[in-house]
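A.B. asks: My structure is below; once you've seen it, I'll send some questions.
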Amino acid sequence: MTATEGDANLTSDTGSIDTTNGTITATQGAVNLTADAGDITTADITSTEGDANLTSDTGDINTTNGKITASEGAANLTATEGSVTTADVEAQTIELQANDNLTTANVTTEGAANLTATEGSITTADVEAQTVELQANDNLTTANVTSTEGDANLTSATGSINTSNGKITASESAANLTANQGSVTTGDVEAQTVQVEGNDNITTANVTSTNGVINVTSESGSIASGDLTAKGETPDSGVTLNAPGNITTGNIDTSSETDQGGAIALNSETGAIQSGDLTSSGATGGGDVTVSAPNTITTGNIDCSSSNGNGCAIALTSETGDITTGNLNSSGASGGGSQTIATLNQIILGELNSSSISGSPGRITINNPQPEFREQAPGIELTFINAQGLPTPVGTLPPETGLIDITTDGYFRATGTFPSQTGVQASIATGGDPIIIRHGGGSALDPFEVGNPEQNGTAGAITNGNGFTGTIAPLQSFTRPVRQDNIQIIPRQPSTSNLPFNTIYPNLSFTTQISDADLEITTLDSVLTDAFSGYLGPKPDLEITTLDSVLTDAFSGYLGPKPSVNNPADAPKILAQIEKQTGVKPAFMYATFVGGRLELRMVSAQNKKIVSLPDVTQETIVQTATKLRREITNPIKRRTTSYLEPAQQLYKWLIAPLEAELEAQGIQNLVFIMDNGLRSLPVAALHDGQNFLVEKYSVGLMPSLSITDTSYKNIQEAPVLAMGVASVSDLAKELNLSPLPAVPLELQTIESIRDGETFLNEKVTLETLKSQSQDATIVHLATHGEFKSGPLENSYILLWNDLLRLDQLRELGWNERRTPIELLILSACRTAVGDENAELGFAGLAVQAGAKSALSSLWYVSDEGTSGLMTEFYRKLQTAPIKSEALRQAQLAMLKGEVRLEGGQLRGSGQPVPLPSTLESQGDQSLSHPYYWAAFTMIGSPW
């Protein structure tokens, strides 16, 4: 049956409709089949431009002998009192409604797919639609279910849901599965958020939430799942499982590389819990991990640590079951998270780490005491406990408790060791906080032994980080309560637990031989010191750590709090790693003022050297630095060398005292970390009388090591997002800012050297910068920028119709990216001379923006100078191993006259570039004076 111009209509008022012997086609209209009192049975039905409507008021609908196609319209099948059974159905939207059972082959639509069995069950093959709604009164069974834009909702009112033969996907929205009175069984599920609710047991394969939470709840049964992954990169991307019965899962991962990890919560009301690894670590903070069950708890490793923020809390609680885990890590750069493990039965754990590099550690509490003391009570076994960090504030810990607080009526065993901050091999360590161990031994048969974990004790030392006086060293044995510093070891046996403490003192496990009884006291003290160092290890480099912390505080006070990225004590390791990765040998150069006098510290991968210059005051050196900048930037002195006198004097103060050490070690890259008054110094222009500093070393300016991302990535072939404002907008006129006529040339040249996108003038908006920069590796802004005195918001970068103020940089979202911007370039900036806030803004630019490195200028450089340097910089960046070396090579090319204006062209190491008319008229010109190249400074990581 074919209807070429209108609808194809078949209606039976009293009987059935059967078209299985032929096809029905409507080329321009709809197909309408209506059986008021009977069944509908069909072969192929095709409506090329209209709907396909099949309605049976009292009978069934069966289209298994053919396919229903409504390529431009809807497929609507309704069996008001009967069932619906179909072969494939394909239409713009699909509505299948049955009173009884609904059974389909593949269902495909670009719109919504709504399948309803009011009193029966639903069984489908694959379903693919913009949104999917499956509602059954009884069981619901599917293969693959794919919702391309909206939710995928599967609901059974009285039966069970089974999707184990396929995968449920809702890539842009939620997947919601609800069995109000039955069980839920699924294959893989992937959606932005996932909600699974069942009255009975819930069994899933792997479940992935791409931008939200995973919630699985059983009202009266158990939960068994594969791996659960919530990767929304937000603190809300958590996983929660609740059931009265047992909970069994694979690995659960809610970690975030850019944000805070999501929380993980597993709760069984009457059963046991068994899981794989639980990971909720995050760049800015970890997510809490809570596991609670009355019976046994068994997990893999648990990690809720944070590389930049606070670790979060771990809580494992059982009423009467054993607790067995892998390693527990709640450490955080700015603060560790607490760990609480409690039950009445045995506890077996791995390595426990709640430490912090720059903040307080998390408290660790492990308890399995019995209601009444009894012999052979279950004990506690673990590998070691690392709760090192800054001491917790006074009053934080409850009275009569420890930062590490352990209570058991059985034996306590710490079977492993790790190197503590003081160098001792420890089984338990804090950073000054108290340690209390309450154990079930205490007799001559089961003493607590430091150095022997075989029965009751630790493999290594117990230390609170207070050097020798705060360390109980192996091998020592205790049968009664003892105290050393704020470390307590207390037997729980009624016969010994109430005895007074024995105060013990440091005990060395070695003997020092002194051959001459007449040794002078200084020699004797040296021998004893060596003995302590031999056991406890060398004293850590607290000096650099403290100094870097002071410099960090200056930036945090102006720019706002910044998370710690590195431990300054690791400076030699960081430098050694950079040398290994790049082949360039770097060193940190601290220039600070102590009591108003200059002090220099050089730190390399091999050693450090400190030089004090008591005759060089802060006032003198800042005045000389200001003079250098004034001499370089004075336009009437552009053809002179008046800058040499202050440049050479500054070299004598800042470089010469360490020069021999730098040369002896073959240092190639200097990373300056400097005090107020020196952060706007053009260090590349310092001069030894023969050469500029940049002729010997590549140089960079780092605000502080603690807050700078020093990880290395090769960007020799990275694309560039280049944006520039050449013309004077209304906003620029209000600010009396001049045009930058060479900016189009600058962008064109970058485009000829590198892949990427360019935007000019009115296209340079805040919205464009936000959207285009989210995946950028290098961002180049050729526009006015001002680092001014006063509050942070006074400094800005000019966009076409807006000012991007320094306090708004984080609104660009660069700090939240999975991978940071490697390099931000501001080619037309200026920094106020002699102002501390302006210096902080300039030197902290990369950190504030969320970029690893920033290349910016200290003063406005002429168009020809900027074009020359930027062109050469991008050329050198193609081969240079590190960013600051590419800058150095570009500066040297200008200094040596290799980059110059000649014959109406910009000449350098590559093809000559024709100049715009505004620059062509200036004639031939050298760019060798420091004015043209010394302003450009690599800020942040120079690598």
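A note on labels: chains of the structure tokens are A, B, ... as shown, every chain counts residues from 1, and ligands are counted from 1 in their shown order.
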Could you pull the residues within 10 Å of Asp802 (chain A), counting only C-alpha atoms, minus those fewer than 2 positions along the same chain, as number ranges by chain?

C.D. replies: A: 729, 731-732, 764-766, 796-800, 804-805

A.B. asks: Output C-alpha atoms for every residue in the selection just made, as a short mmCIF file (atom, residue, chain, number, x, y, z; two decimals), in the first residue's frame.

C.D. replies:
```cif
data_model
loop_
_atom_site.label_atom_id
_atom_site.label_comp_id
_atom_site.auth_asym_id
_atom_site.auth_seq_id
_atom_site.Cartn_x
_atom_site.Cartn_y
_atom_site.Cartn_z
CA SER A 729 39.70 51.88 21.63
CA LEU A 731 38.73 52.61 26.76
CA ALA A 732 42.36 53.14 25.74
CA VAL A 764 40.19 40.66 21.99
CA THR A 765 37.48 40.41 24.65
CA LEU A 766 37.41 38.83 28.07
CA TYR A 796 45.72 45.60 34.69
CA ILE A 797 46.02 44.19 31.18
CA LEU A 798 44.15 46.10 28.46
CA LEU A 799 41.58 44.20 26.39
CA TRP A 800 39.55 45.88 23.66
CA LEU A 804 41.60 42.53 33.01
CA ARG A 805 42.75 43.52 36.47
#
```

A.B. asks: Residues at most 7 Å from region 577-588 of chain A, counting only C-alpha atoms, excluding those fewer than 3 positions away in the same chain, as a JSON list (two decimals) with C-alpha atoms, in the first residue's frame?

C.D. replies:
```
[["chain", "number", "residue", "atom", "x", "y", "z"],
["A", 573, "LYS", "CA", 66.53, 17.48, 44.09],
["A", 574, "ILE", "CA", 64.45, 19.83, 41.93],
["A", 602, "MET", "CA", 73.36, 30.08, 46.07],
["A", 603, "VAL", "CA", 71.68, 26.65, 46.01],
["A", 604, "SER", "CA", 72.67, 24.08, 43.39],
["A", 667, "ILE", "CA", 76.10, 26.54, 36.24],
["A", 668, "GLN", "CA", 74.26, 27.70, 33.09],
["A", 669, "ASN", "CA", 70.93, 29.02, 34.38],
["A", 670, "LEU", "CA", 70.38, 31.45, 37.28],
["A", 671, "VAL", "CA", 66.98, 31.59, 38.97],
["A", 672, "PHE", "CA", 66.76, 34.77, 41.06],
["A", 881, "PRO", "CA", 65.82, 23.30, 25.83]]
```

A.B. asks: Tell me, as a PyMOL selection string, which residues lie within 7 Å of Asn101 (chain A), counting only C-alpha atoms; anything in the same chain fewer than 4 positions away does not count.

C.D. replies: chain A and resi 83-84+117+120-122

A.B. asks: So how far away is CA of Asp863 (chain A) from CA of Arg638 (chain A), in Å?

C.D. replies: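 Between CA of Arg638 (chain A) and CA of Asp863 (chain A) the gap works out to 15.2 Å.
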
A.B. asks: Could you name the residues that touch Gly198 (chain A) at 7 Å or less, counting only C-alpha atoms, but leaving out those on the same chain fewer than 5 positions away, as a PDB file with N, CA, C and O atoms, in the first residue's frame?

C.D. replies:
```pdb
ATOM      1  N   THR A 178      15.729   3.020  38.803  1.00  0.00           N
ATOM      2  CA  THR A 178      14.949   2.870  40.033  1.00  0.00           C
ATOM      3  C   THR A 178      14.062   1.637  39.944  1.00  0.00           C
ATOM      4  O   THR A 178      13.217   1.546  39.045  1.00  0.00           O
ATOM      5  N   ALA A 179      14.277   0.693  40.868  1.00  0.00           N
ATOM      6  CA  ALA A 179      13.407  -0.478  40.990  1.00  0.00           C
ATOM      7  C   ALA A 179      12.767  -0.400  42.367  1.00  0.00           C
ATOM      8  O   ALA A 179      13.376  -0.788  43.377  1.00  0.00           O
ATOM      9  N   ASN A 180      11.527   0.091  42.414  1.00  0.00           N
ATOM     10  CA  ASN A 180      10.907   0.400  43.698  1.00  0.00           C
ATOM     11  C   ASN A 180      10.689  -0.816  44.588  1.00  0.00           C
ATOM     12  O   ASN A 180      10.710  -0.705  45.816  1.00  0.00           O
ATOM     13  N   GLN A 181      10.452  -1.991  43.956  1.00  0.00           N
ATOM     14  CA  GLN A 181      10.201  -3.182  44.764  1.00  0.00           C
ATOM     15  C   GLN A 181      11.106  -4.358  44.388  1.00  0.00           C
ATOM     16  O   GLN A 181      10.990  -5.429  44.960  1.00  0.00           O
ATOM     17  N   GLY A 182      12.024  -4.160  43.442  1.00  0.00           N
ATOM     18  CA  GLY A 182      12.844  -5.270  42.980  1.00  0.00           C
ATOM     19  C   GLY A 182      14.328  -4.972  43.041  1.00  0.00           C
ATOM     20  O   GLY A 182      14.786  -4.053  43.720  1.00  0.00           O
ATOM     21  N   SER A 183      15.091  -5.757  42.278  1.00  0.00           N
ATOM     22  CA  SER A 183      16.544  -5.632  42.241  1.00  0.00           C
ATOM     23  C   SER A 183      16.976  -4.873  40.991  1.00  0.00           C
ATOM     24  O   SER A 183      16.186  -4.663  40.070  1.00  0.00           O
ATOM     25  N   VAL A 184      18.253  -4.487  40.975  1.00  0.00           N
ATOM     26  CA  VAL A 184      18.837  -3.821  39.807  1.00  0.00           C
ATOM     27  C   VAL A 184      20.128  -4.541  39.446  1.00  0.00           C
ATOM     28  O   VAL A 184      20.998  -4.741  40.310  1.00  0.00           O
ATOM     29  N   THR A 217      21.805   2.949  46.143  1.00  0.00           N
ATOM     30  CA  THR A 217      21.087   2.701  47.395  1.00  0.00           C
ATOM     31  C   THR A 217      20.205   1.459  47.257  1.00  0.00           C
ATOM     32  O   THR A 217      19.398   1.372  46.333  1.00  0.00           O
ATOM     33  N   SER A 218      20.385   0.530  48.173  1.00  0.00           N
ATOM     34  CA  SER A 218      19.496  -0.631  48.270  1.00  0.00           C
ATOM     35  C   SER A 218      18.711  -0.516  49.571  1.00  0.00           C
ATOM     36  O   SER A 218      19.300  -0.344  50.638  1.00  0.00           O
ATOM     37  N   GLU A 219      17.374  -0.653  49.464  1.00  0.00           N
ATOM     38  CA  GLU A 219      16.547  -0.486  50.653  1.00  0.00           C
ATOM     39  C   GLU A 219      16.576  -1.705  51.567  1.00  0.00           C
ATOM     40  O   GLU A 219      16.486  -1.581  52.785  1.00  0.00           O
TER      41      GLU A 219
END
```

A.B. asks: DSSP on the backbone: what in region 586-731 of chain A comes out alpha helix (DSSP H), as number ranges by chain?

C.D. replies: A: 618-633, 644-654, 656-665, 730-731

A.B. asks: What does the distance between CA of Leu901 (chain A) and CA of Val699 (chain A) come to in Å, to one decimal place?

C.D. replies: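 Separation of CA of Leu901 (chain A) and CA of Val699 (chain A): 26.3 Å.
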
A.B. asks: Taking 2 positions as the minimum chain separation for residues in the same chain, which residues sit within 12 Å of region 283-286 of chain A when counting only C-alpha atoms? Answer as an mmCIF file with N, CA, C and O atoms, in the first residue's frame.

C.D. replies:
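Result file out-v3.cif:
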```cif
data_model
loop_
_atom_site.group_PDB
_atom_site.id
_atom_site.type_symbol
_atom_site.label_atom_id
_atom_site.label_comp_id
_atom_site.auth_asym_id
_atom_site.auth_seq_id
_atom_site.Cartn_x
_atom_site.Cartn_y
_atom_site.Cartn_z
ATOM 1 N N GLU A 233 35.925 16.452 38.315
ATOM 2 C CA GLU A 233 36.890 17.502 38.657
ATOM 3 C C GLU A 233 36.263 18.586 39.520
ATOM 4 O O GLU A 233 36.607 19.762 39.411
ATOM 5 N N THR A 234 35.304 18.220 40.349
ATOM 6 C CA THR A 234 34.701 19.163 41.304
ATOM 7 C C THR A 234 34.548 18.453 42.643
ATOM 8 O O THR A 234 34.499 17.229 42.708
ATOM 9 N N PRO A 235 34.458 19.231 43.738
ATOM 10 C CA PRO A 235 34.274 18.599 45.055
ATOM 11 C C PRO A 235 32.987 17.804 45.164
ATOM 12 O O PRO A 235 32.849 16.969 46.056
ATOM 13 N N ASP A 236 32.005 18.075 44.258
ATOM 14 C CA ASP A 236 30.716 17.389 44.314
ATOM 15 C C ASP A 236 30.736 16.023 43.638
ATOM 16 O O ASP A 236 29.737 15.321 43.633
ATOM 17 N N SER A 237 31.856 15.661 43.040
ATOM 18 C CA SER A 237 31.931 14.404 42.303
ATOM 19 C C SER A 237 32.246 13.263 43.261
ATOM 20 O O SER A 237 33.356 12.749 43.306
ATOM 21 N N GLY A 238 31.266 12.875 44.041
ATOM 22 C CA GLY A 238 31.477 11.857 45.055
ATOM 23 C C GLY A 238 30.785 10.556 44.726
ATOM 24 O O GLY A 238 30.026 10.435 43.765
ATOM 25 N N ASP A 253 37.147 5.719 42.463
ATOM 26 C CA ASP A 253 38.050 6.838 42.172
ATOM 27 C C ASP A 253 37.245 8.116 41.996
ATOM 28 O O ASP A 253 36.444 8.240 41.075
ATOM 29 N N THR A 254 37.429 9.071 42.900
ATOM 30 C CA THR A 254 36.797 10.395 42.783
ATOM 31 C C THR A 254 37.855 11.482 42.758
ATOM 32 O O THR A 254 37.589 12.631 43.109
ATOM 33 N N SER A 255 39.066 11.139 42.378
ATOM 34 C CA SER A 255 40.185 12.075 42.447
ATOM 35 C C SER A 255 40.066 13.172 41.402
ATOM 36 O O SER A 255 39.345 13.043 40.410
ATOM 37 N N SER A 256 40.786 14.271 41.642
ATOM 38 C CA SER A 256 40.793 15.396 40.720
ATOM 39 C C SER A 256 42.211 15.913 40.572
ATOM 40 O O SER A 256 42.903 16.123 41.569
ATOM 41 N N GLU A 257 42.643 16.124 39.341
ATOM 42 C CA GLU A 257 43.975 16.669 39.093
ATOM 43 C C GLU A 257 43.989 18.180 39.128
ATOM 44 O O GLU A 257 45.057 18.792 39.130
ATOM 45 N N THR A 258 42.806 18.812 39.146
ATOM 46 C CA THR A 258 42.750 20.270 39.112
ATOM 47 C C THR A 258 41.979 20.873 40.271
ATOM 48 O O THR A 258 42.110 22.064 40.542
ATOM 49 N N ASP A 259 41.164 20.082 40.954
ATOM 50 C CA ASP A 259 40.271 20.627 41.973
ATOM 51 C C ASP A 259 40.327 19.722 43.202
ATOM 52 O O ASP A 259 41.287 19.005 43.420
ATOM 53 N N GLN A 260 39.275 19.780 43.992
ATOM 54 C CA GLN A 260 39.179 18.941 45.182
ATOM 55 C C GLN A 260 38.568 17.596 44.815
ATOM 56 O O GLN A 260 37.637 17.519 44.014
ATOM 57 N N GLY A 261 39.100 16.539 45.398
ATOM 58 C CA GLY A 261 38.528 15.225 45.168
ATOM 59 C C GLY A 261 37.142 15.115 45.784
ATOM 60 O O GLY A 261 36.797 15.815 46.735
ATOM 61 N N GLY A 262 36.318 14.232 45.243
ATOM 62 C CA GLY A 262 34.977 14.031 45.778
ATOM 63 C C GLY A 262 34.975 13.057 46.944
ATOM 64 O O GLY A 262 35.877 12.224 47.103
ATOM 65 N N ALA A 263 33.950 13.152 47.762
ATOM 66 C CA ALA A 263 33.847 12.288 48.946
ATOM 67 C C ALA A 263 33.440 10.869 48.550
ATOM 68 O O ALA A 263 32.755 10.657 47.552
ATOM 69 N N ILE A 264 33.864 9.909 49.361
ATOM 70 C CA ILE A 264 33.469 8.505 49.197
ATOM 71 C C ILE A 264 32.838 8.053 50.506
ATOM 72 O O ILE A 264 33.448 8.199 51.572
ATOM 73 N N LEU A 278 40.425 2.939 47.254
ATOM 74 C CA LEU A 278 39.542 4.097 47.348
ATOM 75 C C LEU A 278 40.404 5.340 47.178
ATOM 76 O O LEU A 278 41.269 5.620 48.017
ATOM 77 N N THR A 279 40.179 6.097 46.102
ATOM 78 C CA THR A 279 41.033 7.249 45.781
ATOM 79 C C THR A 279 40.191 8.500 45.648
ATOM 80 O O THR A 279 39.337 8.598 44.763
ATOM 81 N N SER A 280 40.405 9.467 46.538
ATOM 82 C CA SER A 280 39.684 10.753 46.480
ATOM 83 C C SER A 280 40.647 11.912 46.597
ATOM 84 O O SER A 280 40.304 12.960 47.122
ATOM 85 N N SER A 281 41.870 11.725 46.130
ATOM 86 C CA SER A 281 42.882 12.774 46.210
ATOM 87 C C SER A 281 42.522 13.918 45.268
ATOM 88 O O SER A 281 41.787 13.746 44.297
ATOM 89 N N ASP A 288 36.636 13.441 51.675
ATOM 90 C CA ASP A 288 36.517 12.565 52.839
ATOM 91 C C ASP A 288 36.164 11.133 52.418
ATOM 92 O O ASP A 288 35.388 10.925 51.473
ATOM 93 N N VAL A 289 36.725 10.158 53.133
ATOM 94 C CA VAL A 289 36.412 8.746 52.905
ATOM 95 C C VAL A 289 35.824 8.176 54.197
ATOM 96 O O VAL A 289 36.481 8.198 55.238
ATOM 97 N N ILE A 302 43.775 3.462 50.503
ATOM 98 C CA ILE A 302 42.881 4.614 50.559
ATOM 99 C C ILE A 302 43.737 5.871 50.444
ATOM 100 O O ILE A 302 44.664 6.075 51.230
ATOM 101 N N ASP A 303 43.437 6.720 49.462
ATOM 102 C CA ASP A 303 44.242 7.922 49.214
ATOM 103 C C ASP A 303 43.322 9.124 49.070
ATOM 104 O O ASP A 303 42.594 9.248 48.085
ATOM 105 N N CYS A 304 43.323 10.007 50.078
ATOM 106 C CA CYS A 304 42.569 11.266 49.975
ATOM 107 C C CYS A 304 43.516 12.438 50.175
ATOM 108 O O CYS A 304 43.162 13.454 50.768
ATOM 109 N N SER A 305 44.729 12.293 49.670
ATOM 110 C CA SER A 305 45.767 13.304 49.836
ATOM 111 C C SER A 305 45.550 14.481 48.893
ATOM 112 O O SER A 305 44.706 14.441 48.001
ATOM 113 N N SER A 306 46.330 15.538 49.093
ATOM 114 C CA SER A 306 46.251 16.713 48.226
ATOM 115 C C SER A 306 47.653 17.237 47.954
ATOM 116 O O SER A 306 48.441 17.447 48.884
ATOM 117 N N SER A 307 47.956 17.464 46.686
ATOM 118 C CA SER A 307 49.286 17.950 46.302
ATOM 119 C C SER A 307 49.479 19.419 46.638
ATOM 120 O O SER A 307 50.600 19.869 46.853
ATOM 121 N N ASN A 308 48.379 20.197 46.684
ATOM 122 C CA ASN A 308 48.494 21.622 46.960
ATOM 123 C C ASN A 308 47.674 22.085 48.162
ATOM 124 O O ASN A 308 47.952 23.150 48.710
ATOM 125 N N GLY A 309 46.651 21.346 48.548
ATOM 126 C CA GLY A 309 45.756 21.785 49.614
ATOM 127 C C GLY A 309 45.794 20.863 50.814
ATOM 128 O O GLY A 309 46.836 20.309 51.171
ATOM 129 N N ASN A 310 44.635 20.690 51.437
ATOM 130 C CA ASN A 310 44.511 19.861 52.630
ATOM 131 C C ASN A 310 44.069 18.449 52.274
ATOM 132 O O ASN A 310 43.157 18.270 51.459
ATOM 133 N N GLY A 311 44.720 17.461 52.896
ATOM 134 C CA GLY A 311 44.194 16.118 52.813
ATOM 135 C C GLY A 311 42.891 16.032 53.595
ATOM 136 O O GLY A 311 42.641 16.829 54.503
ATOM 137 N N CYS A 312 42.044 15.083 53.259
ATOM 138 C CA CYS A 312 40.756 14.984 53.944
ATOM 139 C C CYS A 312 40.728 13.802 54.900
ATOM 140 O O CYS A 312 41.697 13.062 55.037
ATOM 141 N N ALA A 313 39.588 13.657 55.567
ATOM 142 C CA ALA A 313 39.479 12.695 56.659
ATOM 143 C C ALA A 313 39.185 11.292 56.148
ATOM 144 O O ALA A 313 38.444 11.112 55.177
ATOM 145 N N ILE A 314 39.771 10.300 56.832
ATOM 146 C CA ILE A 314 39.473 8.887 56.608
ATOM 147 C C ILE A 314 38.859 8.350 57.892
ATOM 148 O O ILE A 314 39.449 8.487 58.971
ATOM 149 N N ASN A 329 46.473 7.200 53.035
ATOM 150 C CA ASN A 329 47.202 8.449 52.778
ATOM 151 C C ASN A 329 46.246 9.625 52.817
ATOM 152 O O ASN A 329 45.418 9.794 51.926
ATOM 153 N N SER A 330 46.343 10.440 53.870
ATOM 154 C CA SER A 330 45.546 11.663 53.968
ATOM 155 C C SER A 330 46.447 12.884 54.069
ATOM 156 O O SER A 330 46.072 13.905 54.635
ATOM 157 N N SER A 331 47.655 12.787 53.523
ATOM 158 C CA SER A 331 48.615 13.888 53.594
ATOM 159 C C SER A 331 48.154 15.040 52.709
ATOM 160 O O SER A 331 47.400 14.860 51.755
ATOM 161 N N GLY A 332 48.624 16.239 53.041
ATOM 162 C CA GLY A 332 48.296 17.413 52.247
ATOM 163 C C GLY A 332 49.395 18.443 52.343
ATOM 164 O O GLY A 332 50.019 18.623 53.393
ATOM 165 N N ALA A 333 49.654 19.143 51.233
ATOM 166 C CA ALA A 333 50.724 20.137 51.232
ATOM 167 C C ALA A 333 50.497 21.206 52.286
ATOM 168 O O ALA A 333 51.421 21.629 52.984
ATOM 169 N N SER A 334 49.252 21.657 52.432
ATOM 170 C CA SER A 334 48.970 22.715 53.397
ATOM 171 C C SER A 334 48.327 22.188 54.675
ATOM 172 O O SER A 334 48.072 22.960 55.590
ATOM 173 N N GLY A 335 48.067 20.912 54.769
ATOM 174 C CA GLY A 335 47.503 20.332 55.985
ATOM 175 C C GLY A 335 47.091 18.893 55.756
ATOM 176 O O GLY A 335 46.503 18.575 54.718
ATOM 177 N N GLY A 336 47.417 18.013 56.704
ATOM 178 C CA GLY A 336 47.018 16.621 56.574
ATOM 179 C C GLY A 336 45.613 16.392 57.097
ATOM 180 O O GLY A 336 45.098 17.167 57.913
ATOM 181 N N GLY A 337 44.980 15.331 56.642
ATOM 182 C CA GLY A 337 43.650 14.969 57.102
ATOM 183 C C GLY A 337 43.714 13.909 58.185
ATOM 184 O O GLY A 337 44.677 13.146 58.288
ATOM 185 N N SER A 338 42.687 13.850 58.989
ATOM 186 C CA SER A 338 42.659 12.904 60.099
ATOM 187 C C SER A 338 42.370 11.488 59.607
ATOM 188 O O SER A 338 41.802 11.281 58.539
ATOM 189 N N SER A 354 49.625 10.955 57.261
ATOM 190 C CA SER A 354 48.779 12.144 57.402
ATOM 191 C C SER A 354 49.638 13.390 57.466
ATOM 192 O O SER A 354 49.242 14.399 58.046
ATOM 193 N N LYS A 562 48.485 31.488 48.545
ATOM 194 C CA LYS A 562 48.877 30.619 47.441
ATOM 195 C C LYS A 562 49.247 29.246 47.994
ATOM 196 O O LYS A 562 49.980 29.144 48.976
ATOM 197 N N PRO A 563 48.749 28.170 47.382
ATOM 198 C CA PRO A 563 49.094 26.835 47.874
ATOM 199 C C PRO A 563 50.561 26.521 47.623
ATOM 200 O O PRO A 563 51.133 26.936 46.609
ATOM 201 N N SER A 564 51.171 25.812 48.560
ATOM 202 C CA SER A 564 52.557 25.395 48.384
ATOM 203 C C SER A 564 52.626 24.290 47.339
ATOM 204 O O SER A 564 51.815 23.376 47.319
ATOM 205 N N VAL A 565 53.599 24.401 46.461
ATOM 206 C CA VAL A 565 53.814 23.402 45.414
ATOM 207 C C VAL A 565 55.052 22.576 45.717
ATOM 208 O O VAL A 565 55.093 21.380 45.469
ATOM 209 N N ASN A 815 43.802 28.355 36.724
ATOM 210 C CA ASN A 815 44.230 27.586 37.891
ATOM 211 C C ASN A 815 43.463 26.280 38.027
ATOM 212 O O ASN A 815 43.866 25.394 38.779
ATOM 213 N N GLU A 816 42.319 26.161 37.338
ATOM 214 C CA GLU A 816 41.476 24.975 37.467
ATOM 215 C C GLU A 816 41.701 23.978 36.339
ATOM 216 O O GLU A 816 41.059 22.944 36.296
ATOM 217 N N ARG A 817 42.600 24.299 35.426
ATOM 218 C CA ARG A 817 42.854 23.395 34.310
ATOM 219 C C ARG A 817 43.563 22.122 34.773
ATOM 220 O O ARG A 817 44.304 22.134 35.748
ATOM 221 N N ARG A 818 43.329 21.040 34.036
ATOM 222 C CA ARG A 818 44.000 19.773 34.340
ATOM 223 C C ARG A 818 45.506 19.924 34.134
ATOM 224 O O ARG A 818 46.301 19.403 34.909
ATOM 225 N N THR A 819 45.897 20.609 33.051
ATOM 226 C CA THR A 819 47.312 20.900 32.804
ATOM 227 C C THR A 819 47.465 22.411 32.716
ATOM 228 O O THR A 819 46.667 23.079 32.046
#
```

A.B. asks: Near Ile632 (chain A), within 7 Å and counting only C-alpha atoms, which residues show up once chain neighbours fewer than 2 positions away are dropped, as a list in words?

C.D. replies: Leu628, Arg629, Arg630, Asn634, Tyr643, Pro930 and Tyr931 of chain A
